[in-house]
file structure.pdb (PDB, C-alpha atoms and all ligand atoms)
MODEL        1
ATOM      1  CA  MET A  24      77.896  82.116  91.082
ATOM      2  CA  PRO A  25      80.524  81.644  93.812
ATOM      3  CA  ILE A  26      79.463  79.757  96.957
ATOM      4  CA  LEU A  27      81.079  82.426  99.139
ATOM      5  CA  ASP A  28      81.309  86.075  98.132
ATOM      6  CA  VAL A  29      82.981  88.327 100.720
ATOM      7  CA  ARG A  30      82.339  91.931  99.675
ATOM      8  CA  HIS A  31      84.333  94.817 101.114
ATOM      9  CA  LEU A  32      84.128  93.431 104.632
ATOM     10  CA  SER A  33      85.269  95.611 107.531
ATOM     11  CA  LYS A  34      85.046  95.070 111.259
ATOM     12  CA  ILE A  35      85.697  97.638 113.959
ATOM     13  CA  TYR A  36      85.537  96.446 117.567
ATOM     14  CA  GLU A  37      84.144  99.364 119.544
ATOM     15  CA  GLY A  38      85.475  99.934 123.051
ATOM     16  CA  LYS A  39      87.424 102.516 125.006
ATOM     17  CA  VAL A  40      89.786 102.429 122.057
ATOM     18  CA  ALA A  41      88.134 101.306 118.814
ATOM     19  CA  HIS A  42      90.110  98.658 116.931
ATOM     20  CA  GLN A  43      89.803  97.980 113.207
ATOM     21  CA  ALA A  44      90.273  94.207 112.951
ATOM     22  CA  LEU A  45      89.339  93.885 109.252
ATOM     23  CA  HIS A  46      89.597  96.419 106.473
ATOM     24  CA  ASN A  47      87.848  96.079 103.113
ATOM     25  CA  ILE A  48      88.353  92.335 102.666
ATOM     26  CA  ARG A  49      87.057  90.917  99.385
ATOM     27  CA  PHE A  50      87.367  87.484  97.859
ATOM     28  CA  THR A  51      85.226  84.705  96.442
ATOM     29  CA  VAL A  52      85.282  80.935  96.840
ATOM     30  CA  GLU A  53      83.894  78.714  94.097
ATOM     31  CA  GLN A  54      81.966  75.467  94.514
ATOM     32  CA  GLY A  55      84.344  72.613  95.398
ATOM     33  CA  GLU A  56      87.295  74.863  96.262
ATOM     34  CA  PHE A  57      89.394  74.208  99.370
ATOM     35  CA  VAL A  58      90.747  77.560 100.534
ATOM     36  CA  GLY A  59      93.079  78.290 103.450
ATOM     37  CA  ILE A  60      93.376  81.517 105.443
ATOM     38  CA  MET A  61      96.734  82.271 107.033
ATOM     39  CA  GLY A  62      98.302  85.255 108.735
ATOM     40  CA  PRO A  63     100.190  86.270 111.861
ATOM     41  CA  SER A  64      98.535  86.185 115.261
ATOM     42  CA  GLY A  65      96.049  89.063 115.605
ATOM     43  CA  SER A  66      95.784  89.618 111.840
ATOM     44  CA  GLY A  67      92.003  89.063 111.840
ATOM     45  CA  LYS A  68      91.522  85.402 110.800
ATOM     46  CA  THR A  69      89.113  84.497 113.612
ATOM     47  CA  THR A  70      87.210  87.744 113.124
ATOM     48  CA  LEU A  71      86.776  86.894 109.440
ATOM     49  CA  LEU A  72      85.649  83.333 110.187
ATOM     50  CA  ASN A  73      83.177  84.579 112.829
ATOM     51  CA  LEU A  74      81.655  87.047 110.360
ATOM     52  CA  ILE A  75      81.279  84.369 107.683
ATOM     53  CA  ALA A  76      79.835  81.967 110.283
ATOM     54  CA  THR A  77      77.296  84.712 111.179
ATOM     55  CA  MET A  78      78.498  84.648 114.800
ATOM     56  CA  ASP A  79      79.198  88.382 114.582
ATOM     57  CA  GLN A  80      77.986  91.353 112.507
ATOM     58  CA  PRO A  81      80.272  93.264 110.107
ATOM     59  CA  THR A  82      80.746  97.016 110.521
ATOM     60  CA  ALA A  83      80.621  97.400 106.738
ATOM     61  CA  GLY A  84      80.395  95.167 103.687
ATOM     62  CA  GLU A  85      78.534  91.920 103.176
ATOM     63  CA  VAL A  86      78.911  88.172 103.083
ATOM     64  CA  MET A  87      76.941  86.202 100.505
ATOM     65  CA  ILE A  88      76.692  82.444 100.965
ATOM     66  CA  ASN A  89      75.034  80.558  98.142
ATOM     67  CA  GLY A  90      73.474  83.838  96.993
ATOM     68  CA  ARG A  91      72.052  84.839 100.387
ATOM     69  CA  ASN A  92      73.219  87.368 102.941
ATOM     70  CA  PRO A  93      72.785  85.622 106.327
ATOM     71  CA  HIS A  94      73.359  88.879 108.220
ATOM     72  CA  LEU A  95      69.978  90.135 107.001
ATOM     73  CA  LEU A  96      68.144  87.159 108.549
ATOM     74  CA  SER A  97      66.324  87.176 111.884
ATOM     75  CA  ARG A  98      67.963  85.338 114.798
ATOM     76  CA  ASN A  99      65.912  82.190 114.252
ATOM     77  CA  GLU A 100      66.350  82.236 110.489
ATOM     78  CA  ALA A 101      70.106  82.731 110.937
ATOM     79  CA  ALA A 102      70.266  79.728 113.287
ATOM     80  CA  LEU A 103      68.461  77.591 110.697
ATOM     81  CA  PHE A 104      70.708  78.977 107.946
ATOM     82  CA  ARG A 105      73.814  78.007 109.948
ATOM     83  CA  ARG A 106      72.465  74.512 110.522
ATOM     84  CA  ARG A 107      71.537  73.897 106.874
ATOM     85  CA  GLU A 108      74.110  75.843 104.879
ATOM     86  CA  LEU A 109      77.236  75.653 107.055
ATOM     87  CA  GLY A 110      79.328  72.824 108.462
ATOM     88  CA  PHE A 111      81.874  73.405 111.210
ATOM     89  CA  VAL A 112      85.142  71.673 112.083
ATOM     90  CA  PHE A 113      86.912  72.868 115.231
ATOM     91  CA  GLN A 114      90.354  72.456 116.760
ATOM     92  CA  HIS A 115      88.900  70.583 119.758
ATOM     93  CA  PHE A 116      86.675  68.275 117.647
ATOM     94  CA  ASN A 117      83.528  69.114 119.714
ATOM     95  CA  LEU A 118      82.206  65.551 119.690
ATOM     96  CA  LEU A 119      79.767  64.416 122.381
ATOM     97  CA  ASP A 120      81.505  61.745 124.461
ATOM     98  CA  THR A 121      78.247  60.153 125.630
ATOM     99  CA  LEU A 122      77.480  59.183 122.026
ATOM    100  CA  THR A 123      79.144  56.708 119.671
ATOM    101  CA  VAL A 124      81.061  57.961 116.634
ATOM    102  CA  GLU A 125      78.108  56.982 114.423
ATOM    103  CA  GLU A 126      75.631  58.889 116.614
ATOM    104  CA  ASN A 127      77.882  61.944 116.578
ATOM    105  CA  ILE A 128      78.062  61.864 112.785
ATOM    106  CA  VAL A 129      74.287  61.549 112.233
ATOM    107  CA  LEU A 130      73.428  64.239 114.793
ATOM    108  CA  PRO A 131      72.827  66.993 112.188
ATOM    109  CA  LEU A 132      70.436  64.683 110.274
ATOM    110  CA  MET A 133      68.612  63.737 113.488
ATOM    111  CA  LEU A 134      68.039  67.437 114.178
ATOM    112  CA  GLU A 135      66.367  67.596 110.755
ATOM    113  CA  SER A 136      64.287  64.463 111.552
ATOM    114  CA  ALA A 137      65.660  62.663 108.482
ATOM    115  CA  PRO A 138      64.333  59.130 107.761
ATOM    116  CA  LEU A 139      66.282  56.380 109.562
ATOM    117  CA  ASN A 140      67.316  54.381 106.455
ATOM    118  CA  MET A 141      68.549  57.557 104.768
ATOM    119  CA  MET A 142      70.663  58.369 107.834
ATOM    120  CA  GLU A 143      72.139  54.849 107.892
ATOM    121  CA  ASP A 144      73.008  54.950 104.189
ATOM    122  CA  LYS A 145      74.610  58.359 104.445
ATOM    123  CA  VAL A 146      76.702  57.561 107.508
ATOM    124  CA  LYS A 147      78.001  54.343 105.919
ATOM    125  CA  HIS A 148      78.880  56.140 102.695
ATOM    126  CA  ILE A 149      80.676  59.007 104.409
ATOM    127  CA  ALA A 150      82.491  56.751 106.884
ATOM    128  CA  ALA A 151      83.785  54.641 103.989
ATOM    129  CA  GLN A 152      84.914  57.789 102.186
ATOM    130  CA  LEU A 153      86.878  58.926 105.250
ATOM    131  CA  GLY A 154      88.134  55.435 106.165
ATOM    132  CA  ILE A 155      86.466  55.352 109.602
ATOM    133  CA  GLY A 156      83.887  52.593 109.051
ATOM    134  CA  SER A 157      85.456  50.356 111.712
ATOM    135  CA  ILE A 158      85.190  52.926 114.523
ATOM    136  CA  LEU A 159      81.507  53.801 114.081
ATOM    137  CA  PRO A 160      80.353  51.811 117.182
ATOM    138  CA  LYS A 161      83.147  53.228 119.375
ATOM    139  CA  ARG A 162      82.955  56.097 121.829
ATOM    140  CA  THR A 163      85.228  59.114 121.592
ATOM    141  CA  TYR A 164      87.516  57.980 124.460
ATOM    142  CA  GLU A 165      88.274  54.767 122.536
ATOM    143  CA  ILE A 166      89.670  56.467 119.408
ATOM    144  CA  SER A 167      92.702  58.608 118.508
ATOM    145  CA  GLY A 168      92.756  62.387 118.011
ATOM    146  CA  GLY A 169      93.069  61.959 114.249
ATOM    147  CA  GLN A 170      90.065  59.612 114.206
ATOM    148  CA  MET A 171      88.095  62.101 116.322
ATOM    149  CA  GLN A 172      88.805  64.849 113.806
ATOM    150  CA  LEU A 173      87.789  62.579 110.905
ATOM    151  CA  ALA A 174      84.522  61.849 112.756
ATOM    152  CA  ALA A 175      84.000  65.610 113.190
ATOM    153  CA  ILE A 176      84.681  66.104 109.473
ATOM    154  CA  ALA A 177      82.161  63.355 108.649
ATOM    155  CA  ARG A 178      79.602  65.173 110.837
ATOM    156  CA  ALA A 179      80.286  68.404 108.928
ATOM    157  CA  LEU A 180      80.065  66.701 105.508
ATOM    158  CA  ILE A 181      76.976  64.559 106.109
ATOM    159  CA  GLN A 182      74.451  67.346 105.527
ATOM    160  CA  GLU A 183      76.223  68.414 102.343
ATOM    161  CA  PRO A 184      76.355  72.033 103.507
ATOM    162  CA  SER A 185      77.102  74.834 101.031
ATOM    163  CA  LEU A 186      80.245  75.744 102.941
ATOM    164  CA  ILE A 187      82.425  74.066 105.583
ATOM    165  CA  LEU A 188      84.289  76.354 107.969
ATOM    166  CA  ALA A 189      87.300  74.764 109.636
ATOM    167  CA  ASP A 190      89.127  76.534 112.466
ATOM    168  CA  GLU A 191      92.637  75.122 113.073
ATOM    169  CA  PRO A 192      91.540  71.509 112.420
ATOM    170  CA  THR A 193      95.083  70.185 112.987
ATOM    171  CA  GLY A 194      95.806  72.381 116.023
ATOM    172  CA  ASN A 195      95.379  69.451 118.416
ATOM    173  CA  LEU A 196      97.039  66.744 116.337
ATOM    174  CA  ASP A 197     100.614  65.532 115.999
ATOM    175  CA  SER A 198     102.229  65.875 112.596
ATOM    176  CA  LYS A 199     101.469  62.321 111.423
ATOM    177  CA  ALA A 200      97.783  62.583 112.359
ATOM    178  CA  SER A 201      97.643  66.084 110.815
ATOM    179  CA  ARG A 202      98.871  64.763 107.479
ATOM    180  CA  GLU A 203      96.429  61.852 107.539
ATOM    181  CA  VAL A 204      93.494  64.119 108.401
ATOM    182  CA  MET A 205      94.415  66.744 105.797
ATOM    183  CA  SER A 206      94.999  64.230 103.050
ATOM    184  CA  THR A 207      91.642  62.547 103.794
ATOM    185  CA  LEU A 208      89.892  65.920 104.047
ATOM    186  CA  SER A 209      91.227  67.162 100.713
ATOM    187  CA  ALA A 210      90.477  63.854  98.960
ATOM    188  CA  SER A 211      86.938  63.606 100.295
ATOM    189  CA  SER A 212      86.240  67.275  99.613
ATOM    190  CA  ARG A 213      87.244  66.657  96.013
ATOM    191  CA  GLU A 214      85.065  63.549  95.830
ATOM    192  CA  ALA A 215      82.045  65.263  97.382
ATOM    193  CA  SER A 216      82.810  68.627  95.706
ATOM    194  CA  ALA A 217      82.585  70.224  99.164
ATOM    195  CA  THR A 218      83.570  73.865  99.535
ATOM    196  CA  ILE A 219      85.905  74.446 102.487
ATOM    197  CA  LEU A 220      87.364  77.547 104.116
ATOM    198  CA  MET A 221      90.043  76.682 106.669
ATOM    199  CA  VAL A 222      91.904  78.977 109.065
ATOM    200  CA  THR A 223      95.270  77.525 109.989
ATOM    201  CA  HIS A 224      98.692  78.405 111.358
ATOM    202  CA  ASP A 225     100.059  75.122 110.022
ATOM    203  CA  PRO A 226     101.830  75.412 106.627
ATOM    204  CA  VAL A 227     101.717  71.639 106.117
ATOM    205  CA  ALA A 228      97.917  71.690 106.561
ATOM    206  CA  ALA A 229      97.670  74.733 104.273
ATOM    207  CA  SER A 230      99.638  72.926 101.560
ATOM    208  CA  TYR A 231      96.632  70.584 101.082
ATOM    209  CA  CYS A 232      94.480  73.570  99.992
ATOM    210  CA  ASP A 233      93.817  74.602  96.394
ATOM    211  CA  ARG A 234      94.550  78.208  97.331
ATOM    212  CA  VAL A 235      95.719  80.084 100.421
ATOM    213  CA  LEU A 236      94.789  83.688 101.266
ATOM    214  CA  PHE A 237      97.168  85.625 103.499
ATOM    215  CA  ILE A 238      95.924  88.350 105.841
ATOM    216  CA  LYS A 239      98.069  90.976 107.487
ATOM    217  CA  ASP A 240      96.828  93.713 109.813
ATOM    218  CA  GLY A 241      93.214  93.018 108.820
ATOM    219  CA  GLN A 242      93.859  93.351 105.085
ATOM    220  CA  LEU A 243      94.224  90.818 102.319
ATOM    221  CA  TYR A 244      97.946  90.674 101.654
ATOM    222  CA  ASN A 245      98.334  88.041  98.974
ATOM    223  CA  GLU A 246      97.110  84.685  97.684
ATOM    224  CA  LEU A 247      98.869  81.580  96.431
ATOM    225  CA  TYR A 248      97.527  78.767  94.266
ATOM    226  CA  CYS A 249      98.668  75.194  94.764
ATOM    227  CA  GLY A 250      99.352  74.231  91.163
ATOM    228  CA  ASP A 251     100.647  70.725  90.446
ATOM    229  CA  HIS A 252     103.295  70.286  93.132
ATOM    230  CA  ARG A 253     102.237  70.302  96.768
ATOM    231  CA  GLN A 254     105.803  70.311  98.033
ATOM    232  CA  ALA A 255     106.643  73.428  95.985
ATOM    233  CA  PHE A 256     103.379  74.976  97.227
ATOM    234  CA  PHE A 257     104.440  74.232 100.825
ATOM    235  CA  GLN A 258     107.747  76.036 100.207
ATOM    236  CA  ARG A 259     105.980  79.057  98.709
ATOM    237  CA  ILE A 260     103.689  79.156 101.780
ATOM    238  CA  ILE A 261     106.722  79.089 104.096
ATOM    239  CA  ASP A 262     108.345  81.896 102.102
ATOM    240  CA  MET A 263     105.167  83.986 102.257
ATOM    241  CA  LEU A 264     104.855  83.464 106.032
ATOM    242  CA  ALA A 265     108.463  84.555 106.488
ATOM    243  CA  LEU A 266     107.666  87.671 104.469
ATOM    244  CA  LEU A 267     104.553  88.327 106.573
ATOM    245  CA  GLY A 268     106.481  88.139 109.837
ATOM    246  CA  GLY A 269     104.627  87.878 113.150
ATOM    247  CA  LYS A 270     105.598  85.883 116.187
ATOM    248  CA  SER A 271     103.285  82.895 115.884
ATOM    249  CA  HIS A 272     105.386  80.744 113.581
ATOM    250  CA  ASP A 273     108.600  79.034 114.394
ATOM    251  CA  LEU A 274     109.304  78.179 110.783
ATOM    252  CA  SER A 275     112.633  76.546 111.540
ATOM    253  CA  THR A 276     110.864  73.545 113.143
ATOM    254  CA  ILE A 277     108.437  72.881 110.318
ATOM    255  CA  ARG A 278     109.159  70.043 107.904
ATOM    256  CA  PHE A 279     107.172  69.020 104.845
TER     257      PHE A 279
HETATM  258  N1  LIG B 301      85.896  91.011 120.799
HETATM  259  C1  LIG B 301      86.953  91.794 120.539
HETATM  260  N2  LIG B 301      87.017  93.052 121.009
HETATM  261  C2  LIG B 301      88.060  93.847 120.716
HETATM  262  N3  LIG B 301      89.109  93.501 119.965
HETATM  263  C3  LIG B 301      89.117  92.245 119.453
HETATM  264  C4  LIG B 301      88.048  91.320 119.718
HETATM  265  N4  LIG B 301      88.316  90.150 119.096
HETATM  266  C5  LIG B 301      89.516  90.331 118.478
HETATM  267  N5  LIG B 301      89.996  91.585 118.690
HETATM  268  C6  LIG B 301      91.227  92.152 118.145
HETATM  269  O1  LIG B 301      91.125  92.141 116.723
HETATM  270  C7  LIG B 301      92.360  91.747 116.124
HETATM  271  C8  LIG B 301      92.155  90.506 115.276
HETATM  272  O2  LIG B 301      91.879  89.410 116.162
HETATM  273  P1  LIG B 301      91.606  87.934 115.634
HETATM  274  O3  LIG B 301      91.292  87.094 116.821
HETATM  275  O4  LIG B 301      90.602  87.975 114.530
HETATM  276  O5  LIG B 301      93.046  87.552 115.041
HETATM  277  P2  LIG B 301      93.612  86.124 114.577
HETATM  278  O6  LIG B 301      94.322  86.365 113.306
HETATM  279  O7  LIG B 301      92.525  85.118 114.587
HETATM  280  O8  LIG B 301      94.652  85.806 115.737
HETATM  281  P3  LIG B 301      95.172  84.361 116.295
HETATM  282  O9  LIG B 301      95.929  83.758 115.167
HETATM  283  O10 LIG B 301      96.054  84.748 117.429
HETATM  284  O11 LIG B 301      93.966  83.581 116.703
HETATM  285  C9  LIG B 301      93.357  91.548 117.279
HETATM  286  O12 LIG B 301      94.090  92.729 117.429
HETATM  287  C10 LIG B 301      92.454  91.306 118.484
HETATM  288  O13 LIG B 301      93.077  91.763 119.664
ENDMDL
END

call {"tool": "encode", "arguments": {"input": "structure.pdb", "output": "structure tokens", "more": "lines below"}}
Ligand SMILES: Nc1ncnc2c1ncn2[C@@H]1O[C@H](COP(=O)(O)OP(=O)(O)OP(=O)(O)O)[C@@H](O)[C@H]1O
result
Amino acid sequence: MPILDVRHLSKIYEGKVAHQALHNIRFTVEQGEFVGIMGPSGSGKTTLLNLIATMDQPTAGEVMINGRNPHLLSRNEAALFRRRELGFVFQHFNLLDTLTVEENIVLPLMLESAPLNMMEDKVKHIAAQLGIGSILPKRTYEISGGQMQLAAIARALIQEPSLILADEPTGNLDSKASREVMSTLSASSREASATILMVTHDPVAASYCDRVLFIKDGQLYNELYCGDHRQAFFQRIIDMLALLGGKSHDLSTIRF
């Protein structure tokens, strides 16, 4: 059974003029897969992520996560479902600056009232995996952007959610930090067999995925698999983006 099964998903934003943001989207993501979503600005990426994150209701179709349809749950059940089954990584890290890195990472376990020794073991293990053991006692203003994003990734991984949703995780990082974060994310996702769906405009970030789905005008346009050579995959992503068009990418400035 796939971890994520998106079935014939459509979204129409009602208003003075109704707008169809997504049209009959279908795809699945298997356990342990790292999948990217790309497409020109306005193609429907955020809408898709919001529907999967249960932040919004589809007009038609369904989303199954780990065999359950979260859109059929009550408000409270959906909130619990999000907390237990989903992990989130955002462009702006969303760490609490009054807490240390370690406290930020264990926050999801504290909300579940997990035993203290279990929390300590888990945070040590995950920090070692992501190479951020030395910054655990620090506060967010004492660490770099890349380290902040790794801390946010650790917070998303610590509960071992069914699915991690990442929204432009490198959007606030320079290219060196982006590469470090993406290489650590893909390695640790492989190690932990975490399932990740990542929306990105960044072809370098996307080249760390196992597979990238391309959306155009609210419809699935194509998909590419990484294969054995990441550099060749990066080039195929660039070629596909050029084919897709749209004004959000200045491809001439992007280097592998
Ligand atoms: N709440 C809303 N009400 C009406 N229209 C919306 C709403 N949210 C998004 N849209 C429209 O739906 C389409 C898809 O928007 P969406 O934000 O999902 O695109 P995107 O691919 O994430 O774009 P970007 O890359 O610029 O973030 C766009 O035409 C947008 O204007």

call {"tool": "closest_residue", "arguments": {"input": "structure.pdb", "among": "A:Gln172, A:Thr70, A:Ser33, A:Asn47", "to": "ligand LIG 301 (chain B)", "atoms": "all atoms listed in the file"}}
result
A:Thr70

call {"tool": "closest_residue", "arguments": {"input": "structure.pdb", "among": "A:Met61, A:Ile75, A:Leu188, A:Met142", "to": "ligand LIG 301 (chain B)", "atoms": "all atoms listed in the file"}}
result
A:Met61

call {"tool": "atom_distance", "arguments": {"input": "structure.pdb", "atom1": "CA of Glu108 (chain A)", "atom2": "CA of Lys145 (chain A)"}}
result
17.5 Å

call {"tool": "resolve_selection", "arguments": {"input": "structure.pdb", "expression": "the PyMOL selection byres (((chain A and resi 91-105) around 12) and not hetatm)", "output": "PyMOL selection string"}}
result
chain A and resi 24-30+73-90+106-111+131+134-135+179+182+184-188

call {"tool": "resolve_selection", "arguments": {"input": "structure.pdb", "expression": "the PyMOL selection byres (((chain A and resi 117) around 12) and not hetatm)", "output": "count of residues only"}}
result
27

call {"tool": "closest_atom_pairs", "arguments": {"input": "structure.pdb", "of": "chain A", "to": "ligand LIG 301 (chain B)", "cutoff": "8 Å", "atoms": "all atoms listed in the file", "output": "tab-separated table"}}
result
residue	atom	partner	partner_atom	distance
A:Tyr36	CA	B:LIG301	C2	4.8
A:Glu37	CA	B:LIG301	C2	6.9
A:Gly38	CA	B:LIG301	C2	7.0
A:Ala41	CA	B:LIG301	C2	7.7
A:His42	CA	B:LIG301	N3	6.1
A:Gln43	CA	B:LIG301	O1	6.9
A:Ala44	CA	B:LIG301	O1	4.4
A:Leu45	CA	B:LIG301	C8	7.5
A:Met61	CA	B:LIG301	O6	7.9
A:Gly62	CA	B:LIG301	O6	6.2
A:Pro63	CA	B:LIG301	O9	5.9
A:Ser64	CA	B:LIG301	O9	3.6
A:Gly65	CA	B:LIG301	O5	3.4
A:Ser66	CA	B:LIG301	O6	3.9
A:Gly67	CA	B:LIG301	O4	3.2
A:Lys68	CA	B:LIG301	O6	3.9
A:Thr69	CA	B:LIG301	O7	3.6
A:Thr70	CA	B:LIG301	O4	3.7
A:Leu71	CA	B:LIG301	O4	6.5
A:His224	CA	B:LIG301	O9	7.1
A:Ile238	CA	B:LIG301	O6	7.9
A:Asp240	CA	B:LIG301	C8	7.9
A:Gly241	CA	B:LIG301	C8	7.0
A:Ser271	CA	B:LIG301	O9	7.4

call {"tool": "resolve_selection", "arguments": {"input": "structure.pdb", "expression": "the PyMOL selection byres (((chain A and resi 251) around 12) and not hetatm)", "output": "list in words"}}
result
Ser230, Tyr231, Cys232, Asp233, Arg234, Tyr248, Cys249, Gly250, His252, Arg253, Gln254, Ala255, Phe256 and Phe257 of chain A

call {"tool": "atom_distance", "arguments": {"input": "structure.pdb", "atom1": "CA of Glu191 (chain A)", "atom2": "CA of His148 (chain A)"}}
result
25.6 Å

call {"tool": "atom_distance", "arguments": {"input": "structure.pdb", "atom1": "CA of Gln152 (chain A)", "atom2": "CA of Glu214 (chain A)"}}
result
8.6 Å

call {"tool": "residues_around", "arguments": {"input": "structure.pdb", "residues": "Ala215 (chain A)", "least_positions_apart": "5", "cutoff": "9 Å", "atoms": "only C-alpha atoms", "output": "mmCIF file with C-alpha atoms, in the frame of the given file"}}
result
data_model
loop_
_atom_site.group_PDB
_atom_site.id
_atom_site.type_symbol
_atom_site.label_atom_id
_atom_site.label_comp_id
_atom_site.auth_asym_id
_atom_site.auth_seq_id
_atom_site.Cartn_x
_atom_site.Cartn_y
_atom_site.Cartn_z
ATOM 1 C CA GLY A 55 84.344 72.613 95.398
ATOM 2 C CA LEU A 180 80.065 66.701 105.508
ATOM 3 C CA GLU A 183 76.223 68.414 102.343
ATOM 4 C CA ALA A 210 90.477 63.854 98.960
#

call {"tool": "closest_residue", "arguments": {"input": "structure.pdb", "among": "A:Asn140, A:Met205, A:Thr193, A:Ala229", "to": "Leu153 (chain A)", "atoms": "all atoms listed in the file"}}
result
A:Met205

call {"tool": "closest_residue", "arguments": {"input": "structure.pdb", "among": "A:Val222, A:Ala228, A:Ile166, A:Met133", "to": "Ser201 (chain A)", "atoms": "all atoms listed in the file"}}
result
A:Ala228

call {"tool": "closest_residue", "arguments": {"input": "structure.pdb", "among": "A:Ile35, A:Ile181, A:Val235, A:Ala189", "to": "Ala137 (chain A)", "atoms": "all atoms listed in the file"}}
result
A:Ile181

call {"tool": "closest_residue", "arguments": {"input": "structure.pdb", "among": "A:Glu143, A:Leu264, A:Leu243, A:Leu236", "to": "Leu32 (chain A)", "atoms": "all atoms listed in the file"}}
result
A:Leu243

call {"tool": "axis_aligned_box", "arguments": {"input": "structure.pdb", "around": "region 145-152 of chain A", "padding_each_side": "8 Å", "output": "AutoDock Vina command-line options"}}
result
--center_x 79.8 --center_y 56.7 --center_z 104.8 --size_x 26.3 --size_y 20.7 --size_z 21.3
